[in-house]
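Next comes my_file_32.cif, with mmCIF, C-alpha atoms.
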```
data_final
loop_
_atom_site.group_PDB
_atom_site.id
_atom_site.type_symbol
_atom_site.label_atom_id
_atom_site.label_comp_id
_atom_site.auth_asym_id
_atom_site.auth_seq_id
_atom_site.Cartn_x
_atom_site.Cartn_y
_atom_site.Cartn_z
ATOM 1 C CA MET Y 105 -83.450 7.278 -125.757
ATOM 2 C CA LEU Y 106 -80.441 5.037 -126.303
ATOM 3 C CA GLU Y 107 -78.121 8.042 -126.333
ATOM 4 C CA LEU Y 108 -79.561 9.155 -123.026
ATOM 5 C CA VAL Y 109 -78.852 5.814 -121.370
ATOM 6 C CA VAL Y 110 -75.319 5.532 -122.811
ATOM 7 C CA SER Y 111 -74.316 9.053 -121.816
ATOM 8 C CA ALA Y 112 -75.804 8.654 -118.354
ATOM 9 C CA LEU Y 113 -73.765 5.498 -117.881
ATOM 10 C CA LEU Y 114 -70.586 7.197 -119.103
ATOM 11 C CA ILE Y 115 -71.131 10.163 -116.822
ATOM 12 C CA GLY Y 116 -71.791 7.856 -113.881
ATOM 13 C CA VAL Y 117 -68.609 5.873 -114.462
ATOM 14 C CA LEU Y 118 -66.505 9.008 -114.914
ATOM 15 C CA ILE Y 119 -67.859 10.706 -111.813
ATOM 16 C CA SER Y 120 -67.458 7.621 -109.643
ATOM 17 C CA MET Y 121 -63.838 7.200 -110.805
ATOM 18 C CA LEU Y 122 -63.080 10.855 -110.207
ATOM 19 C CA SER Y 123 -64.672 11.015 -106.755
ATOM 20 C CA GLN Y 124 -62.966 7.796 -105.704
ATOM 21 C CA GLY Y 125 -59.609 9.156 -106.825
ATOM 22 C CA ILE Y 126 -60.112 12.422 -104.964
ATOM 23 C CA THR Y 127 -61.215 10.554 -101.821
ATOM 24 C CA LEU Y 128 -58.146 8.315 -101.906
ATOM 25 C CA VAL Y 129 -55.743 11.217 -102.405
ATOM 26 C CA SER Y 130 -57.453 13.177 -99.642
ATOM 27 C CA ARG Y 131 -57.257 10.181 -97.281
ATOM 28 C CA GLN Y 132 -53.560 9.770 -98.032
ATOM 29 C CA GLN Y 133 -52.996 13.454 -97.342
ATOM 30 C CA LYS Y 134 -54.811 13.138 -93.992
ATOM 31 C CA LYS Y 135 -52.543 10.235 -93.099
ATOM 32 C CA GLN Y 136 -49.442 12.257 -93.938
ATOM 33 C CA SER Y 137 -50.807 15.201 -92.005
ATOM 34 C CA PHE Y 138 -51.430 13.059 -88.915
ATOM 35 C CA HIS Y 139 -47.991 11.495 -89.204
ATOM 36 C CA ALA Y 140 -46.185 14.852 -89.398
ATOM 37 C CA LEU Y 141 -48.235 16.594 -86.707
ATOM 38 C CA ALA Y 142 -48.112 13.606 -84.354
ATOM 39 C CA ARG Y 143 -44.319 13.580 -84.605
ATOM 40 C CA ILE Y 144 -44.232 17.299 -83.798
ATOM 41 C CA GLU Y 145 -46.541 16.700 -80.825
ATOM 42 C CA LEU Y 146 -44.435 13.814 -79.513
ATOM 43 C CA ASN Y 147 -41.268 15.896 -79.931
ATOM 44 C CA ASN Y 148 -42.967 18.680 -77.940
ATOM 45 C CA LEU Y 149 -43.650 16.179 -75.162
ATOM 46 C CA GLU Y 150 -40.060 14.961 -75.263
ATOM 47 C CA ARG Y 151 -38.733 18.503 -74.948
ATOM 48 C CA THR Y 152 -41.039 19.788 -72.252
ATOM 49 C CA ALA Y 153 -42.752 16.981 -70.361
ATOM 50 C CA THR Y 154 -41.833 15.881 -66.867
ATOM 51 C CA ALA Y 155 -40.348 12.526 -65.898
ATOM 52 C CA ASP Y 156 -43.731 11.435 -64.549
ATOM 53 C CA PHE Y 157 -45.085 10.344 -67.895
ATOM 54 C CA GLY Y 158 -48.456 9.455 -66.349
ATOM 55 C CA LYS Y 159 -49.167 13.183 -66.469
ATOM 56 C CA TRP Y 160 -48.337 13.597 -70.138
ATOM 57 C CA THR Y 161 -51.253 15.102 -71.998
ATOM 58 C CA LEU Y 162 -51.799 16.190 -75.547
ATOM 59 C CA SER Y 163 -51.864 19.886 -76.295
ATOM 60 C CA GLU Y 164 -55.188 21.610 -76.841
ATOM 61 C CA SER Y 165 -54.291 22.552 -80.413
ATOM 62 C CA PHE Y 166 -53.546 18.915 -81.287
ATOM 63 C CA ARG Y 167 -56.728 17.631 -79.590
ATOM 64 C CA ARG Y 168 -58.752 20.158 -81.523
ATOM 65 C CA ARG Y 169 -57.336 18.939 -84.794
ATOM 66 C CA PHE Y 170 -57.476 15.219 -83.958
ATOM 67 C CA PRO Y 171 -60.156 14.790 -81.263
ATOM 68 C CA ASP Y 172 -60.078 10.972 -81.433
ATOM 69 C CA ALA Y 173 -56.303 10.622 -81.132
ATOM 70 C CA LYS Y 174 -55.128 8.615 -78.130
ATOM 71 C CA LEU Y 175 -51.774 8.905 -76.409
ATOM 72 C CA GLN Y 176 -50.175 5.823 -74.899
ATOM 73 C CA VAL Y 177 -46.974 6.032 -72.919
ATOM 74 C CA GLU Y 178 -44.997 3.173 -71.435
ATOM 75 C CA ALA Y 179 -41.591 2.967 -69.830
ATOM 76 C CA ILE Y 180 -39.015 0.759 -71.467
ATOM 77 C CA THR Y 181 -35.665 -0.393 -70.182
ATOM 78 C CA GLU Y 182 -32.299 0.065 -71.810
ATOM 79 C CA GLN Y 183 -32.375 -3.561 -72.996
ATOM 80 C CA GLN Y 184 -35.786 -3.107 -74.600
ATOM 81 C CA SER Y 185 -34.785 0.073 -76.397
ATOM 82 C CA GLY Y 186 -31.563 -1.521 -77.601
ATOM 83 C CA LEU Y 187 -29.596 1.706 -77.107
ATOM 84 C CA PRO Y 188 -27.248 2.521 -74.207
ATOM 85 C CA PHE Y 189 -28.936 5.790 -73.239
ATOM 86 C CA GLY Y 190 -30.704 4.694 -70.058
ATOM 87 C CA PRO Y 191 -34.404 4.136 -69.464
ATOM 88 C CA ALA Y 192 -36.649 5.528 -72.139
ATOM 89 C CA VAL Y 193 -40.320 6.087 -72.820
ATOM 90 C CA LYS Y 194 -42.256 4.649 -75.719
ATOM 91 C CA ALA Y 195 -44.934 7.136 -76.712
ATOM 92 C CA SER Y 196 -47.479 6.364 -79.383
ATOM 93 C CA LEU Y 197 -50.322 8.314 -80.857
ATOM 94 C CA THR Y 198 -53.171 6.360 -82.417
ATOM 95 C CA GLN Y 199 -55.907 7.668 -84.639
ATOM 96 C CA LEU Y 200 -58.793 5.686 -86.135
ATOM 97 C CA GLN Y 201 -59.235 6.042 -89.888
ATOM 98 C CA ASN Y 202 -62.533 6.261 -91.731
ATOM 99 C CA ASN Y 203 -62.134 2.733 -93.060
ATOM 100 C CA GLY Y 204 -61.811 1.314 -89.541
ATOM 101 C CA THR Y 205 -58.050 0.803 -89.516
ATOM 102 C CA ALA Y 206 -55.856 2.580 -86.999
ATOM 103 C CA GLN Y 207 -52.887 4.765 -87.838
ATOM 104 C CA GLN Y 208 -50.153 4.836 -85.252
ATOM 105 C CA VAL Y 209 -47.098 7.035 -84.837
ATOM 106 C CA GLN Y 210 -44.624 5.735 -82.308
ATOM 107 C CA LEU Y 211 -41.427 7.240 -80.935
ATOM 108 C CA VAL Y 212 -38.960 6.073 -78.322
ATOM 109 C CA LEU Y 213 -38.044 9.141 -76.296
ATOM 110 C CA TRP Y 214 -35.490 9.992 -73.684
ATOM 111 C CA PRO Y 215 -37.230 12.964 -72.026
ATOM 112 C CA ARG Y 216 -34.813 15.825 -71.414
ATOM 113 C CA SER Y 217 -36.418 16.770 -68.113
ATOM 114 C CA ALA Y 218 -36.254 13.149 -66.961
ATOM 115 C CA ARG Y 219 -32.539 13.085 -67.729
ATOM 116 C CA ASN Y 220 -32.209 16.283 -65.743
ATOM 117 C CA GLU Y 221 -33.977 14.911 -62.691
ATOM 118 C CA GLN Y 222 -31.987 11.678 -62.546
ATOM 119 C CA MET E 148 -99.570 -3.141 -169.346
ATOM 120 C CA LYS E 149 -99.737 -0.476 -166.779
ATOM 121 C CA LYS E 150 -96.472 0.923 -165.672
ATOM 122 C CA THR E 151 -96.205 2.237 -162.217
ATOM 123 C CA PHE E 152 -94.011 5.152 -161.570
ATOM 124 C CA SER E 153 -92.569 5.740 -158.198
ATOM 125 C CA SER E 154 -90.711 8.856 -157.377
ATOM 126 C CA PRO E 155 -87.666 8.673 -155.090
ATOM 127 C CA LEU E 156 -89.415 11.197 -152.888
ATOM 128 C CA HIS E 157 -92.227 8.856 -152.235
ATOM 129 C CA SER E 158 -90.223 5.616 -151.944
ATOM 130 C CA SER E 159 -87.836 6.644 -149.122
ATOM 131 C CA VAL E 160 -88.880 8.135 -145.809
ATOM 132 C CA ARG E 161 -87.025 11.290 -144.880
ATOM 133 C CA THR E 162 -85.432 11.018 -141.472
ATOM 134 C CA GLY E 163 -85.236 14.444 -139.904
ATOM 135 C CA LEU E 164 -84.937 15.717 -136.364
ATOM 136 C CA THR E 165 -88.031 16.089 -134.316
ATOM 137 C CA ILE E 166 -88.333 18.795 -131.735
ATOM 138 C CA ALA E 167 -88.516 16.163 -128.991
ATOM 139 C CA GLY E 168 -85.250 14.629 -130.206
ATOM 140 C CA ILE E 169 -83.505 17.990 -130.227
ATOM 141 C CA ILE E 170 -84.707 18.703 -126.693
ATOM 142 C CA VAL E 171 -83.430 15.338 -125.441
ATOM 143 C CA HIS E 172 -80.015 15.862 -127.075
ATOM 144 C CA LEU E 173 -79.704 19.371 -125.698
ATOM 145 C CA THR E 174 -80.682 18.203 -122.204
ATOM 146 C CA VAL E 175 -78.093 15.427 -122.250
ATOM 147 C CA ALA E 176 -75.399 17.792 -123.538
ATOM 148 C CA ALA E 177 -76.244 20.381 -120.866
ATOM 149 C CA ALA E 178 -76.155 17.769 -118.110
ATOM 150 C CA MET E 179 -72.786 16.452 -119.302
ATOM 151 C CA LEU E 180 -71.337 19.957 -119.547
ATOM 152 C CA SER E 181 -72.538 21.006 -116.106
ATOM 153 C CA LEU E 182 -71.330 17.790 -114.447
ATOM 154 C CA GLY E 183 -67.992 18.105 -116.237
ATOM 155 C CA THR E 184 -67.601 21.688 -115.061
ATOM 156 C CA VAL E 185 -68.454 20.782 -111.468
ATOM 157 C CA SER E 186 -66.024 17.838 -111.542
ATOM 158 C CA ILE E 187 -63.147 19.936 -112.919
ATOM 159 C CA HIS E 188 -63.851 22.660 -110.362
ATOM 160 C CA MET E 189 -63.828 20.041 -107.572
ATOM 161 C CA LEU E 190 -60.598 18.590 -108.892
ATOM 162 C CA LEU E 191 -58.841 21.965 -109.068
ATOM 163 C CA LYS E 192 -60.071 22.983 -105.621
ATOM 164 C CA SER E 193 -58.964 19.702 -104.108
ATOM 165 C CA GLU E 194 -55.559 19.988 -105.802
ATOM 166 C CA SER E 195 -55.061 23.500 -104.446
ATOM 167 C CA ARG E 196 -56.032 22.350 -100.918
ATOM 168 C CA LEU E 197 -53.657 19.388 -101.117
ATOM 169 C CA LEU E 198 -50.814 21.622 -102.299
ATOM 170 C CA ASP E 199 -51.437 23.998 -99.382
ATOM 171 C CA GLU E 200 -51.448 21.135 -96.877
ATOM 172 C CA SER E 201 -48.310 19.683 -98.364
ATOM 173 C CA LEU E 202 -46.551 23.071 -98.217
ATOM 174 C CA LEU E 203 -47.625 23.496 -94.578
ATOM 175 C CA LEU E 204 -46.358 20.061 -93.513
ATOM 176 C CA LYS E 205 -43.028 20.405 -95.308
ATOM 177 C CA SER E 206 -42.370 23.851 -93.826
ATOM 178 C CA LEU E 207 -43.439 22.702 -90.350
ATOM 179 C CA GLU E 208 -41.080 19.738 -90.409
ATOM 180 C CA ARG E 209 -38.143 21.774 -91.717
ATOM 181 C CA LEU E 210 -38.714 24.604 -89.252
ATOM 182 C CA GLU E 211 -38.981 22.205 -86.319
ATOM 183 C CA ALA E 212 -35.760 20.430 -87.295
ATOM 184 C CA HIS E 213 -33.838 23.734 -87.545
ATOM 185 C CA LEU E 214 -35.263 25.172 -84.326
ATOM 186 C CA ASP E 215 -34.618 21.944 -82.441
ATOM 187 C CA ALA E 216 -30.975 21.862 -83.530
ATOM 188 C CA ASP E 217 -30.460 25.586 -82.882
ATOM 189 C CA SER E 218 -32.119 25.539 -79.450
ATOM 190 C CA ILE E 219 -29.588 22.936 -78.296
ATOM 191 C CA LEU E 220 -26.476 24.458 -79.890
ATOM 192 C CA TYR E 221 -26.969 28.087 -78.930
ATOM 193 C CA SER E 222 -26.366 29.494 -75.466
ATOM 194 C CA SER E 223 -28.466 32.650 -75.330
ATOM 195 C CA GLN E 224 -31.616 33.900 -76.954
ATOM 196 C CA SER E 225 -33.937 36.834 -77.285
ATOM 197 C CA VAL E 226 -37.546 36.496 -78.330
ATOM 198 C CA THR E 227 -39.944 39.061 -79.724
ATOM 199 C CA GLU E 228 -43.217 38.421 -81.525
ATOM 200 C CA ASN E 229 -41.629 38.612 -84.970
ATOM 201 C CA GLU E 230 -38.033 37.715 -84.302
ATOM 202 C CA LEU E 231 -36.058 35.044 -82.541
ATOM 203 C CA LEU E 232 -32.338 35.482 -82.014
ATOM 204 C CA LEU E 233 -30.163 32.595 -80.871
ATOM 205 C CA LYS E 234 -26.493 33.209 -80.060
ATOM 206 C CA SER E 235 -23.634 30.846 -79.524
ATOM 207 C CA ASP E 236 -20.683 32.222 -77.554
ATOM 208 C CA SER E 237 -18.206 29.538 -78.440
ATOM 209 C CA ARG E 238 -18.575 29.771 -82.236
ATOM 210 C CA ALA E 239 -19.526 33.464 -82.399
ATOM 211 C CA ALA E 240 -22.542 32.317 -84.359
ATOM 212 C CA THR E 241 -25.977 33.930 -84.508
ATOM 213 C CA ALA E 242 -29.125 32.341 -85.889
ATOM 214 C CA ARG E 243 -31.875 34.863 -86.560
ATOM 215 C CA TYR E 244 -35.452 33.882 -87.376
ATOM 216 C CA THR E 245 -37.588 36.679 -88.807
ATOM 217 C CA ILE E 246 -41.303 36.434 -89.547
ATOM 218 C CA ARG E 247 -42.758 38.237 -92.548
ATOM 219 C CA ARG E 248 -46.451 37.501 -92.972
ATOM 220 C CA GLY E 249 -46.376 33.788 -92.475
ATOM 221 C CA ARG E 250 -42.964 33.376 -94.017
ATOM 222 C CA VAL E 251 -40.013 32.663 -91.729
ATOM 223 C CA ASP E 252 -36.488 33.566 -92.803
ATOM 224 C CA ARG E 253 -33.503 32.084 -91.005
ATOM 225 C CA THR E 254 -30.050 33.568 -91.397
ATOM 226 C CA LEU E 255 -26.942 32.160 -89.826
ATOM 227 C CA HIS E 256 -24.000 34.510 -89.254
ATOM 228 C CA ILE E 257 -20.623 33.210 -88.117
ATOM 229 C CA ASN E 258 -18.135 35.867 -87.067
ATOM 230 C CA GLU E 259 -20.598 38.439 -88.415
ATOM 231 C CA GLU E 260 -20.454 36.965 -91.912
ATOM 232 C CA LEU E 261 -23.503 35.478 -93.547
ATOM 233 C CA ASN E 262 -23.027 31.721 -93.580
ATOM 234 C CA SER E 263 -26.385 30.359 -94.688
ATOM 235 C CA ARG E 264 -29.953 31.384 -95.356
ATOM 236 C CA GLU E 265 -33.148 29.338 -95.131
ATOM 237 C CA ARG E 266 -36.733 30.205 -95.934
ATOM 238 C CA PHE E 267 -39.836 28.491 -94.593
ATOM 239 C CA VAL E 268 -42.902 29.387 -96.629
ATOM 240 C CA PHE E 269 -46.328 28.677 -95.177
ATOM 241 C CA PRO E 270 -49.550 28.692 -97.229
ATOM 242 C CA ALA E 271 -51.275 32.028 -97.840
ATOM 243 C CA GLY E 272 -53.318 33.156 -94.838
ATOM 244 C CA THR E 273 -51.031 31.464 -92.296
ATOM 245 C CA THR E 274 -49.563 33.537 -89.482
ATOM 246 C CA VAL E 275 -46.543 32.693 -87.337
ATOM 247 C CA ARG E 276 -45.690 34.069 -83.886
ATOM 248 C CA PHE E 277 -42.826 33.586 -81.420
ATOM 249 C CA ASP E 278 -43.474 33.643 -77.664
ATOM 250 C CA SER E 279 -41.301 33.318 -74.576
ATOM 251 C CA THR E 280 -42.050 30.417 -72.259
ATOM 252 C CA ASP E 281 -40.940 29.780 -68.698
ATOM 253 C CA PRO E 282 -38.225 29.809 -67.621
ATOM 254 C CA THR E 283 -35.980 30.368 -70.633
ATOM 255 C CA GLY E 284 -37.766 28.619 -73.469
ATOM 256 C CA PHE E 285 -39.698 29.797 -76.450
ATOM 257 C CA SER E 286 -42.588 28.574 -78.534
ATOM 258 C CA VAL E 287 -43.675 29.007 -82.129
ATOM 259 C CA THR E 288 -47.382 29.228 -82.917
ATOM 260 C CA ILE E 289 -48.445 28.615 -86.511
ATOM 261 C CA THR E 290 -52.053 29.619 -87.136
ATOM 262 C CA GLU E 291 -53.622 28.457 -90.380
ATOM 263 C CA GLY E 292 -56.009 30.609 -92.383
ATOM 264 C CA PHE E 293 -59.782 30.192 -92.230
ATOM 265 C CA GLY E 294 -60.899 27.380 -94.512
ATOM 266 C CA THR E 295 -63.818 29.379 -95.857
ATOM 267 C CA LEU E 296 -61.712 32.316 -97.054
ATOM 268 C CA GLN E 297 -59.682 32.725 -100.220
ATOM 269 C CA TYR E 298 -56.348 34.396 -99.449
ATOM 270 C CA PRO E 299 -54.205 36.179 -102.027
ATOM 271 C CA ALA E 300 -51.096 34.093 -102.626
ATOM 272 C CA ALA E 301 -47.605 34.978 -103.817
ATOM 273 C CA GLY E 302 -45.767 32.941 -106.451
ATOM 274 C CA ASP E 303 -44.379 30.534 -103.874
ATOM 275 C CA GLY E 304 -47.813 29.822 -102.342
ATOM 276 C CA GLY E 305 -47.197 32.045 -99.315
ATOM 277 C CA SER E 306 -48.805 35.396 -98.539
ATOM 278 C CA PRO E 307 -47.623 38.469 -100.479
ATOM 279 C CA VAL E 308 -45.138 40.380 -98.330
ATOM 280 C CA THR E 309 -46.169 43.812 -99.571
ATOM 281 C CA GLY E 310 -49.589 45.467 -99.614
ATOM 282 C CA LEU E 311 -52.183 46.092 -96.962
ATOM 283 C CA ASP E 312 -52.711 43.697 -94.075
ATOM 284 C CA SER E 313 -56.468 43.861 -94.629
ATOM 285 C CA ASP E 314 -56.015 42.596 -98.210
ATOM 286 C CA THR E 315 -53.579 39.838 -97.273
ATOM 287 C CA PHE E 316 -55.553 38.668 -94.239
ATOM 288 C CA PRO E 317 -59.245 39.448 -94.880
ATOM 289 C CA ARG E 318 -61.554 39.222 -91.875
ATOM 290 C CA PRO E 319 -63.672 36.072 -91.654
ATOM 291 C CA PRO E 320 -67.458 36.339 -91.422
ATOM 292 C CA ARG E 321 -68.936 36.328 -87.945
ATOM 293 C CA GLY E 322 -69.461 32.955 -86.366
ATOM 294 C CA THR E 323 -66.564 31.305 -88.221
ATOM 295 C CA ALA E 324 -64.816 28.701 -86.073
ATOM 296 C CA ALA E 325 -61.324 29.549 -84.841
ATOM 297 C CA PRO E 326 -58.531 28.445 -87.199
ATOM 298 C CA LEU E 327 -56.319 25.448 -86.482
ATOM 299 C CA GLN E 328 -52.976 25.965 -84.782
ATOM 300 C CA THR E 329 -49.730 24.075 -84.410
ATOM 301 C CA ILE E 330 -47.555 24.952 -81.445
ATOM 302 C CA MET E 331 -43.930 23.898 -81.119
ATOM 303 C CA THR E 332 -42.301 24.348 -77.740
ATOM 304 C CA PHE E 333 -38.576 24.452 -77.065
ATOM 305 C CA PRO E 334 -36.893 24.419 -73.662
ATOM 306 C CA GLY E 335 -34.503 27.199 -74.588
ATOM 307 C CA ALA E 336 -30.779 27.665 -74.755
ATOM 308 C CA SER E 337 -29.807 27.635 -71.094
ATOM 309 C CA ALA E 338 -32.085 24.711 -70.196
ATOM 310 C CA ALA E 339 -30.794 22.636 -73.092
ATOM 311 C CA ASN E 340 -27.177 23.357 -72.165
ATOM 312 C CA ALA E 341 -27.831 22.506 -68.534
ATOM 313 C CA GLN E 342 -29.192 19.136 -69.643
ATOM 314 C CA GLU E 343 -26.235 18.445 -71.891
ATOM 315 C CA VAL E 344 -23.739 18.541 -69.041
ATOM 316 C CA GLN E 345 -25.651 15.908 -67.061
ATOM 317 C CA PRO E 346 -23.908 12.530 -67.066
#
```

Render the structure in this file as structure tokens.
Amino acid sequence: MLELVVSALLIGVLISMLSQGITLVSRQQKKQSFHALARIELNNLERTATADFGKWTLSESFRRRFPDAKLQVEAITEQQSGLPFGPAVKASLTQLQNNGTAQQVQLVLWPRSARNEQ
Amino acid sequence: MKKTFSSPLHSSVRTGLTIAGIIVHLTVAAAMLSLGTVSIHMLLKSESRLLDESLLLKSLERLEAHLDADSILYSSQSVTENELLLKSDSRAATARYTIRRGRVDRTLHINEELNSRERFVFPAGTTVRFDSTDPTGFSVTITEGFGTLQYPAAGDGGSPVTGLDSDTFPRPPRGTAAPLQTIMTFPGASAANAQEVQP
């Protein structure tokens, strides 16, 4: 009977350690995945979006992958951006994690089409 | 005086294994073995999935960086489903992107001499497609394989480039959700050049 209890305890500890490790690695991978794909999405917006950033929307493929992701866009001046390239746009993508914290990817963009229209 | 004689057989109790004890030990051993097997299987599967995701992200980032730079530097382009050709008049340079079953090869020729070669390997089961976009741009669509299917992989993790399409990309069972896609859009050579001359 004693052997049964000891081995059950050992198995329990091993499995909990293993599953926790796998969960943590998987969560880290999801973070990296969001970071890389959000940057690609924001670069897409920078390359193709219009100067009216109120109309910027996320692509269907990105929304399908990250349905809870939220896009926030705000105009910033040359002084705020700190670079002499004219007015820019600060675009950020936010995604809530399982543990309640939010992951955010933020880029300061100078939209090509906006430069064209000026 | 009466001497008592005690045999060693009678003085010590023999401790053997009972059938109940054997059953308990076997049950514990079987449970440990099965849980160990399941855990190792889970670990290997998760490692393979993580490697695939890592390969996908690395190739996506590298491909985007190259396409972004090329789309600005080159002045003309031609797009077909499996090939993208970007040409620069000033440097007599040509960047050619060729798709071979989810693997993208980039070659750069300057004055018709091979200058550099890049390879972007996507996980087995991934497909890549080039499309034209209005007015002069192009887009790259990377479609991942179905999560429920096991795809044959080459040594580098990508799909084998030879063999039948049906073996490399087996059909998913009915009712499987559509695979995930990543689309990268580029304004194209002439649009990018037009923007560059703006003050």

(request) Could you state which residues are captured by the PyMOL selection byres ((chain Y) within 8 of (chain E)) in this file, as a PyMOL selection string? (result) chain Y and resi 108+111+115+119+122+126+130+133+137+140-141+144-145+148+151-152+165-166+168-169+216-217+219-220

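Residues with any atom within 7 Å of the point (-61.0, 9.4, -85.7), counting only C-alpha atoms, are Asp172, Ala173, Gln199, Leu200, Gln201 and Asn202 of chain Y.
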
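In this structure, atom CA of E:Ala300 sits 12.5 Å away from atom CA of E:Pro317.
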
(request) Find the distance between atom CA of E:Ile246 and atom CA of Y:Lys135 and write it in Å to one decimal. (result) 28.7 Å

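Atom to atom, atom CA of E:Thr254 and atom CA of E:Thr241 stand 8.0 Å apart.
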
Once 4 Å is added on each side, what centre and edge lengths in Å to one decimal does the axis-aligned box around all listed atoms of stretch 197-207 of chain Y have, as lines of an AutoDock Vina configuration file?
```
center_x = -56.4
center_y = 4.6
center_z = -87.0
size_x = 20.2
size_y = 15.5
size_z = 20.2
```

(request) Tell me which of E:Ala325, E:Leu210, E:Val226, E:Leu311 sits closest to E:Asp252, counting all atoms listed in the file. (result) E:Leu210

(request) Given the file shown, enumerate the residues that the PyMOL selection byres ((chain E and resi 292-299) around 12) captures and present them as a PyMOL selection string. (result) chain E and resi 192+195-196+199-200+203+248-249+269-275+289-291+300-328

(message) Please list as a ChimeraX atom specification every residue within 7 Å of stretch 258-264 of chain E, counting only C-alpha atoms and excluding residues in the same chain fewer than 3 positions away.
(response) /E:239-240,253-255

For the structure shown, which residues end up in the PyMOL selection byres ((chain Y and resi 191) around 8)? Put them as a PDB file with C-alpha atoms, in the frame of the given file, please?
```pdb
ATOM      1  CA  ALA Y 179     -41.591   2.967 -69.830  1.00  0.00           C
ATOM      2  CA  ILE Y 180     -39.015   0.759 -71.467  1.00  0.00           C
ATOM      3  CA  THR Y 181     -35.665  -0.393 -70.182  1.00  0.00           C
ATOM      4  CA  GLU Y 182     -32.299   0.065 -71.810  1.00  0.00           C
ATOM      5  CA  PHE Y 189     -28.936   5.790 -73.239  1.00  0.00           C
ATOM      6  CA  GLY Y 190     -30.704   4.694 -70.058  1.00  0.00           C
ATOM      7  CA  ALA Y 192     -36.649   5.528 -72.139  1.00  0.00           C
ATOM      8  CA  VAL Y 193     -40.320   6.087 -72.820  1.00  0.00           C
ATOM      9  CA  TRP Y 214     -35.490   9.992 -73.684  1.00  0.00           C
TER      10      TRP Y 214
END
```
